[in-house]
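**Student:** Got coords14.pdb for you, PDB, C-alpha atoms:
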```
ATOM      1  CA  GLY A   1      32.059  68.560 -85.374
ATOM      2  CA  GLU A   2      32.339  66.706 -88.612
ATOM      3  CA  ASP A   3      35.740  65.780 -89.928
ATOM      4  CA  VAL A   4      36.701  64.264 -93.259
ATOM      5  CA  GLU A   5      40.236  63.029 -93.928
ATOM      6  CA  GLN A   6      42.022  62.042 -97.099
ATOM      7  CA  SER A   7      45.576  61.328 -98.072
ATOM      8  CA  LEU A   8      47.075  64.229 -99.986
ATOM      9  CA  PHE A   9      48.676  62.554-102.963
ATOM     10  CA  LEU A  10      48.433  59.450-105.139
ATOM     11  CA  SER A  11      50.515  58.576-108.172
ATOM     12  CA  VAL A  12      49.586  55.770-110.588
ATOM     13  CA  ARG A  13      50.566  54.636-114.042
ATOM     14  CA  GLU A  14      48.209  55.040-116.970
ATOM     15  CA  GLY A  15      46.020  51.958-117.316
ATOM     16  CA  ASP A  16      46.301  50.969-113.655
ATOM     17  CA  SER A  17      43.475  51.285-111.145
ATOM     18  CA  SER A  18      43.482  54.174-108.690
ATOM     19  CA  VAL A  19      41.991  53.913-105.224
ATOM     20  CA  ILE A  20      41.391  57.094-103.262
ATOM     21  CA  ASN A  21      40.421  56.676 -99.634
ATOM     22  CA  CYS A  22      38.483  58.853 -97.233
ATOM     23  CA  THR A  23      37.447  58.581 -93.613
ATOM     24  CA  TYR A  24      34.783  60.606 -91.880
ATOM     25  CA  THR A  25      33.631  60.963 -88.305
ATOM     26  CA  ASP A  26      29.930  61.797 -88.398
ATOM     27  CA  SER A  27      27.936  58.596 -88.011
ATOM     28  CA  SER A  28      24.750  60.401 -89.030
ATOM     29  CA  SER A  29      26.045  61.168 -92.531
ATOM     30  CA  THR A  30      23.302  60.521 -95.046
ATOM     31  CA  TYR A  31      25.113  61.181 -98.311
ATOM     32  CA  LEU A  32      28.766  60.841 -99.255
ATOM     33  CA  TYR A  33      30.184  62.414-102.361
ATOM     34  CA  TRP A  34      33.189  62.434-104.615
ATOM     35  CA  TYR A  35      34.013  65.647-106.422
ATOM     36  CA  LYS A  36      36.708  66.243-109.032
ATOM     37  CA  GLN A  37      38.594  69.504-109.463
ATOM     38  CA  GLU A  38      40.689  70.122-112.552
ATOM     39  CA  PRO A  39      43.301  72.911-112.536
ATOM     40  CA  GLY A  40      41.807  76.397-112.460
ATOM     41  CA  ALA A  41      38.253  75.117-112.276
ATOM     42  CA  GLY A  42      35.509  74.602-109.743
ATOM     43  CA  LEU A  43      34.500  71.257-108.338
ATOM     44  CA  GLN A  44      32.310  68.888-110.309
ATOM     45  CA  LEU A  45      30.303  66.057-108.837
ATOM     46  CA  LEU A  46      31.623  62.670-109.915
ATOM     47  CA  THR A  47      29.356  60.382-107.971
ATOM     48  CA  TYR A  48      27.622  59.999-104.640
ATOM     49  CA  ILE A  49      26.321  57.211-102.455
ATOM     50  CA  PHE A  50      23.532  57.004 -99.920
ATOM     51  CA  SER A  51      24.593  55.893 -96.491
ATOM     52  CA  ASN A  52      22.375  52.797 -96.685
ATOM     53  CA  MET A  53      24.345  51.473 -99.675
ATOM     54  CA  ASP A  54      27.711  49.783 -99.558
ATOM     55  CA  MET A  55      28.679  49.954-103.205
ATOM     56  CA  LYS A  56      27.884  51.968-106.286
ATOM     57  CA  GLN A  57      29.327  51.462-109.740
ATOM     58  CA  ASP A  58      29.230  53.970-112.559
ATOM     59  CA  GLN A  59      31.273  53.046-115.638
ATOM     60  CA  ARG A  60      34.951  53.233-114.565
ATOM     61  CA  LEU A  61      34.077  54.461-111.079
ATOM     62  CA  THR A  62      33.340  52.240-108.102
ATOM     63  CA  VAL A  63      32.454  53.682-104.721
ATOM     64  CA  LEU A  64      32.711  51.493-101.643
ATOM     65  CA  LEU A  65      31.257  52.522 -98.310
ATOM     66  CA  ASN A  66      32.060  50.826 -95.019
ATOM     67  CA  LYS A  67      29.664  52.552 -92.696
ATOM     68  CA  LYS A  68      30.861  50.667 -89.639
ATOM     69  CA  ASP A  69      34.426  51.969 -90.119
ATOM     70  CA  LYS A  70      33.250  55.271 -91.640
ATOM     71  CA  HIS A  71      35.449  54.624 -94.649
ATOM     72  CA  LEU A  72      34.711  55.628 -98.216
ATOM     73  CA  SER A  73      36.774  54.803-101.268
ATOM     74  CA  LEU A  74      36.731  55.712-104.933
ATOM     75  CA  ARG A  75      38.216  53.286-107.423
ATOM     76  CA  ILE A  76      38.954  54.482-110.936
ATOM     77  CA  ALA A  77      39.546  51.618-113.339
ATOM     78  CA  ASP A  78      41.912  51.981-116.306
ATOM     79  CA  THR A  79      43.127  55.378-115.102
ATOM     80  CA  GLN A  80      43.870  57.846-117.884
ATOM     81  CA  THR A  81      45.984  61.004-117.936
ATOM     82  CA  GLY A  82      42.721  62.979-118.121
ATOM     83  CA  ASP A  83      41.891  61.660-114.669
ATOM     84  CA  SER A  84      44.721  63.713-113.204
ATOM     85  CA  ALA A  85      43.008  66.134-110.833
ATOM     86  CA  ILE A  86      42.227  66.734-107.181
ATOM     87  CA  TYR A  87      39.499  64.474-105.784
ATOM     88  CA  PHE A  88      37.459  65.612-102.824
ATOM     89  CA  CYS A  89      35.452  63.441-100.526
ATOM     90  CA  ALA A  90      32.485  65.169 -98.866
ATOM     91  CA  GLU A  91      29.724  64.194 -96.503
ATOM     92  CA  LYS A  92      26.339  65.567 -95.597
ATOM     93  CA  ALA A  93      24.546  64.911 -92.334
ATOM     94  CA  GLY A  94      21.137  66.501 -92.170
ATOM     95  CA  ARG A  95      22.080  70.111 -92.815
ATOM     96  CA  ARG A  96      22.573  71.326 -96.343
ATOM     97  CA  ALA A  97      26.229  72.342 -96.234
ATOM     98  CA  LEU A  98      28.722  69.645 -97.156
ATOM     99  CA  THR A  99      31.889  69.006 -95.201
ATOM    100  CA  PHE A 100      34.845  68.416 -97.504
ATOM    101  CA  GLY A 101      38.119  66.617 -97.034
ATOM    102  CA  SER A 102      41.374  68.324 -97.942
ATOM    103  CA  GLY A 103      41.488  66.636-101.338
ATOM    104  CA  THR A 104      43.720  63.967-102.884
ATOM    105  CA  ARG A 105      45.858  64.985-105.825
ATOM    106  CA  LEU A 106      45.917  62.154-108.349
ATOM    107  CA  GLN A 107      48.855  62.145-110.714
ATOM    108  CA  VAL A 108      48.685  59.759-113.657
ATOM    109  CA  GLN A 109      52.009  58.935-115.246
ATOM    110  CA  PRO A 110      52.080  57.892-118.898
TER     111      PRO A 110
ATOM    112  CA  ASP B   1      23.265  80.647-120.286
ATOM    113  CA  ALA B   2      22.084  78.963-117.136
ATOM    114  CA  GLY B   3      24.651  78.331-114.448
ATOM    115  CA  ILE B   4      26.521  79.811-111.565
ATOM    116  CA  THR B   5      28.977  82.589-112.242
ATOM    117  CA  GLN B   6      31.485  84.345-110.041
ATOM    118  CA  SER B   7      33.170  87.686-110.510
ATOM    119  CA  PRO B   8      35.834  88.799-110.538
ATOM    120  CA  ARG B   9      37.792  85.644-111.374
ATOM    121  CA  TYR B  10      41.020  87.283-110.200
ATOM    122  CA  LYS B  11      41.536  90.149-107.787
ATOM    123  CA  ILE B  12      44.585  91.699-106.173
ATOM    124  CA  THR B  13      43.989  94.097-103.331
ATOM    125  CA  GLU B  14      45.785  95.621-100.382
ATOM    126  CA  THR B  15      45.446  95.015 -96.685
ATOM    127  CA  GLY B  16      42.596  97.024 -95.191
ATOM    128  CA  ARG B  17      40.598  97.476 -98.377
ATOM    129  CA  GLN B  18      37.049  96.322 -98.819
ATOM    130  CA  VAL B  19      36.478  93.669-101.456
ATOM    131  CA  THR B  20      33.231  92.161-102.713
ATOM    132  CA  LEU B  21      33.062  88.884-104.583
ATOM    133  CA  MET B  22      29.911  88.363-106.579
ATOM    134  CA  CYS B  23      27.999  85.152-107.155
ATOM    135  CA  HIS B  24      25.012  84.768-109.455
ATOM    136  CA  GLN B  25      22.987  81.643-110.248
ATOM    137  CA  THR B  26      20.205  81.247-112.784
ATOM    138  CA  TRP B  27      18.581  78.058-111.449
ATOM    139  CA  SER B  28      16.613  79.671-108.598
ATOM    140  CA  HIS B  29      18.324  77.295-106.184
ATOM    141  CA  SER B  30      17.283  78.091-102.658
ATOM    142  CA  TYR B  31      20.613  77.232-101.040
ATOM    143  CA  MET B  32      23.841  79.094-101.741
ATOM    144  CA  PHE B  33      27.256  78.765-100.135
ATOM    145  CA  TRP B  34      30.645  80.390 -99.989
ATOM    146  CA  TYR B  35      33.727  78.229 -99.463
ATOM    147  CA  ARG B  36      37.385  79.104 -99.394
ATOM    148  CA  GLN B  37      40.015  76.705-100.663
ATOM    149  CA  ASP B  38      43.483  76.712 -99.145
ATOM    150  CA  LEU B  39      46.312  74.241 -99.528
ATOM    151  CA  GLY B  40      46.106  71.571 -96.870
ATOM    152  CA  HIS B  41      42.641  72.638 -95.721
ATOM    153  CA  GLY B  42      40.434  71.611 -98.610
ATOM    154  CA  LEU B  43      37.231  73.623 -98.765
ATOM    155  CA  ARG B  44      36.012  75.380 -95.672
ATOM    156  CA  LEU B  45      32.550  76.841 -95.409
ATOM    157  CA  ILE B  46      32.422  80.589 -94.774
ATOM    158  CA  TYR B  47      28.707  81.372 -94.944
ATOM    159  CA  TYR B  48      25.606  79.835 -96.400
ATOM    160  CA  SER B  49      22.071  80.872 -97.144
ATOM    161  CA  ALA B  50      18.919  78.777 -97.171
ATOM    162  CA  ALA B  51      16.796  81.393 -98.949
ATOM    163  CA  ALA B  52      16.591  85.113 -99.619
ATOM    164  CA  ASP B  53      17.201  87.110 -96.444
ATOM    165  CA  ILE B  54      18.347  84.009 -94.538
ATOM    166  CA  THR B  55      22.060  83.606 -93.955
ATOM    167  CA  ASP B  56      24.099  81.610 -91.476
ATOM    168  CA  LYS B  57      27.718  81.274 -90.429
ATOM    169  CA  GLY B  58      29.849  78.374 -91.506
ATOM    170  CA  GLU B  59      33.163  77.156 -90.169
ATOM    171  CA  VAL B  60      35.287  80.280 -90.858
ATOM    172  CA  PRO B  61      33.021  83.368 -90.975
ATOM    173  CA  ASP B  62      35.261  85.936 -89.226
ATOM    174  CA  GLY B  63      36.164  88.901 -91.418
ATOM    175  CA  TYR B  64      33.403  88.210 -93.952
ATOM    176  CA  VAL B  65      29.921  89.565 -94.504
ATOM    177  CA  VAL B  66      27.221  88.198 -96.803
ATOM    178  CA  SER B  67      23.785  89.276 -97.942
ATOM    179  CA  ARG B  68      20.998  87.603 -99.910
ATOM    180  CA  SER B  69      18.448  90.219-100.929
ATOM    181  CA  LYS B  70      17.617  88.251-104.084
ATOM    182  CA  THR B  71      17.522  84.482-104.529
ATOM    183  CA  GLU B  72      19.933  84.557-107.458
ATOM    184  CA  ASN B  73      22.717  86.639-105.880
ATOM    185  CA  PHE B  74      24.932  85.925-102.899
ATOM    186  CA  PRO B  75      27.772  88.467-102.599
ATOM    187  CA  LEU B  76      30.636  87.948-100.171
ATOM    188  CA  THR B  77      32.320  91.053 -98.725
ATOM    189  CA  LEU B  78      35.652  91.295 -96.979
ATOM    190  CA  GLU B  79      35.199  94.513 -95.036
ATOM    191  CA  SER B  80      38.906  95.029 -94.294
ATOM    192  CA  ALA B  81      41.006  92.500 -96.178
ATOM    193  CA  THR B  82      43.890  90.760 -94.437
ATOM    194  CA  ARG B  83      46.718  88.672 -95.894
ATOM    195  CA  SER B  84      45.246  85.558 -94.321
ATOM    196  CA  GLN B  85      42.248  86.027 -96.605
ATOM    197  CA  THR B  86      44.374  85.354 -99.673
ATOM    198  CA  SER B  87      42.630  82.299-101.070
ATOM    199  CA  VAL B  88      40.463  80.880-103.818
ATOM    200  CA  TYR B  89      36.793  81.471-103.097
ATOM    201  CA  PHE B  90      34.073  79.224-104.445
ATOM    202  CA  CYS B  91      30.397  79.927-104.566
ATOM    203  CA  ALA B  92      27.980  76.991-104.831
ATOM    204  CA  SER B  93      24.260  76.409-105.002
ATOM    205  CA  THR B  94      21.821  73.538-104.627
ATOM    206  CA  THR B  95      18.184  72.646-104.138
ATOM    207  CA  GLY B  96      19.326  69.977-101.694
ATOM    208  CA  GLY B  97      20.986  67.375-103.886
ATOM    209  CA  GLU B  98      24.030  67.955-106.064
ATOM    210  CA  LEU B  99      26.081  71.003-105.188
ATOM    211  CA  PHE B 100      26.984  73.109-108.244
ATOM    212  CA  PHE B 101      30.131  75.203-108.051
ATOM    213  CA  GLY B 102      31.244  78.369-109.748
ATOM    214  CA  GLU B 103      34.675  78.596-111.356
ATOM    215  CA  GLY B 104      36.192  80.331-108.344
ATOM    216  CA  SER B 105      37.589  83.777-107.530
ATOM    217  CA  ARG B 106      41.282  83.938-106.774
ATOM    218  CA  LEU B 107      41.953  86.746-104.298
ATOM    219  CA  THR B 108      45.407  87.978-103.364
ATOM    220  CA  VAL B 109      45.767  90.403-100.462
ATOM    221  CA  LEU B 110      49.122  92.213-100.417
TER     222      LEU B 110
END
```
Written as structure tokens, that's how I'd like the structure from this file.
**Tutor:**
Amino acid sequence: GEDVEQSLFLSVREGDSSVINCTYTDSSSTYLYWYKQEPGAGLQLLTYIFSNMDMKQDQRLTVLLNKKDKHLSLRIADTQTGDSAIYFCAEKAGRRALTFGSGTRLQVQP
Amino acid sequence: DAGITQSPRYKITETGRQVTLMCHQTWSHSYMFWYRQDLGHGLRLIYYSAAADITDKGEVPDGYVVSRSKTENFPLTLESATRSQTSVYFCASTTGGELFFGEGSRLTVL
């Protein structure tokens, strides 16, 4: 079955760039997503990328996709304390239900 | 207001009791999902529904029952709660693109 893996924790200083990595196993994935979860809240879509793209940029966010290695990354430029949250990678492969990773907790130190 | 709402937000119950978590969405999205979120496991799919009266098992369906008599509602029932079902439950809906999440229902089974 599908599997999505992420490292559990990342700590950066305010103003630095953050890079959150994700690997997935399903080569037929069509969409890959990044969701953000703030404490006590549900998940909100940050950005997504089609599997036929290798990069997508949206303001401070850059998503890189290496389809050959099944590796997805999210780069947050000029990380702020408000970026502290859990970030989930997710993939979709044909069926409607997404498969999520275990989430990466980003801690931004002032 | 339009959106996806879950109730109750917090629930404490005892082992063996029946519990129902409610989910209501106002967008007429055809697809609805129930996930549970546990530390170290990310989000795991319990059940999903492609339309009214159509439901299907996800990754961890044992001990749960769902129904979808109306498009806008997707209740999740724990027929006989167990301690292992202590978790945060998220309902989500989509037409096929972005997945929209509710705020979550935190369930504690004593």
**Student:** Output the residue selection produced by the PyMOL selection byres ((chain B and resi 25-28) around 10) on the file above, formatted as a PyMOL selection string.
**Tutor:** chain B and resi 1-6+23-24+29-32+51+70-74+91-95+100-102
**Student:** Quick one: apply the ChimeraX specification (/A :<10) & /B to the file and drop the selected residues here as number ranges by chain.
**Tutor:** B: 31-34, 37-45, 47-50, 58-59, 88-106
**Student:** Taking (22.3, 51.7, -93.2) in the file's own coordinates, collect the residues within 10 Å, counting all atoms listed in the file, and hand them back as a VMD selection string.
**Tutor:** chain A and resid 28 30 50 to 54 66 to 68
**Student:** Expressed in Å to a single decimal, how great is the separation between CA of Ile46 (chain B) and CA of Gln18 (chain B)?
**Tutor:**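 Separating CA of Ile46 (chain B) from CA of Gln18 (chain B) is a distance of 16.9 Å.
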**Student:** Which is closest to Glu91 (chain A) among A:Leu10, A:Ile20, A:Leu106, A:Leu65, if we use all atoms listed in the file?
**Tutor:**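 Counting all atoms listed in the file, the residue closest to Glu91 (chain A) is A:Leu65.
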**Student:** Do you know which residues the PyMOL selection byres ((chain B and resi 67) around 9) returns on this file, as a PyMOL selection string?
**Tutor:** chain B and resi 49+52-55+65-66+68-70+73-77
**Student:** Could you give me, as a list in words, the residues within 12 Å of Arg13 (chain A), counting all atoms listed in the file and dropping anything in the same chain fewer than 4 positions from it?
**Tutor:**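 Surrounding residues, per the criterion: Ser17, Ser18, Ala77, Asp78, Thr79, Gln80, Thr81, Asp83, Ser84, Leu106, Gln107, Val108, Gln109 and Pro110 of chain A.
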**Student:** Pull C-alpha atoms from the residues just selected and write them as a JSON list (two decimals), in the coordinates of the input.
**Tutor:**
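Produced file again.json, reproduced below:
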```json
[["chain", "number", "residue", "atom", "x", "y", "z"],
["A", 17, "SER", "CA", 43.48, 51.28, -111.14],
["A", 18, "SER", "CA", 43.48, 54.17, -108.69],
["A", 77, "ALA", "CA", 39.55, 51.62, -113.34],
["A", 78, "ASP", "CA", 41.91, 51.98, -116.31],
["A", 79, "THR", "CA", 43.13, 55.38, -115.10],
["A", 80, "GLN", "CA", 43.87, 57.85, -117.88],
["A", 81, "THR", "CA", 45.98, 61.00, -117.94],
["A", 83, "ASP", "CA", 41.89, 61.66, -114.67],
["A", 84, "SER", "CA", 44.72, 63.71, -113.20],
["A", 106, "LEU", "CA", 45.92, 62.15, -108.35],
["A", 107, "GLN", "CA", 48.86, 62.14, -110.71],
["A", 108, "VAL", "CA", 48.68, 59.76, -113.66],
["A", 109, "GLN", "CA", 52.01, 58.94, -115.25],
["A", 110, "PRO", "CA", 52.08, 57.89, -118.90]]
```
**Student:** Please measure the separation of CA of Arg9 (chain B) and CA of Ser87 (chain B), giving the value in Å to one decimal.
**Tutor:**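 The value is 11.9 Å.
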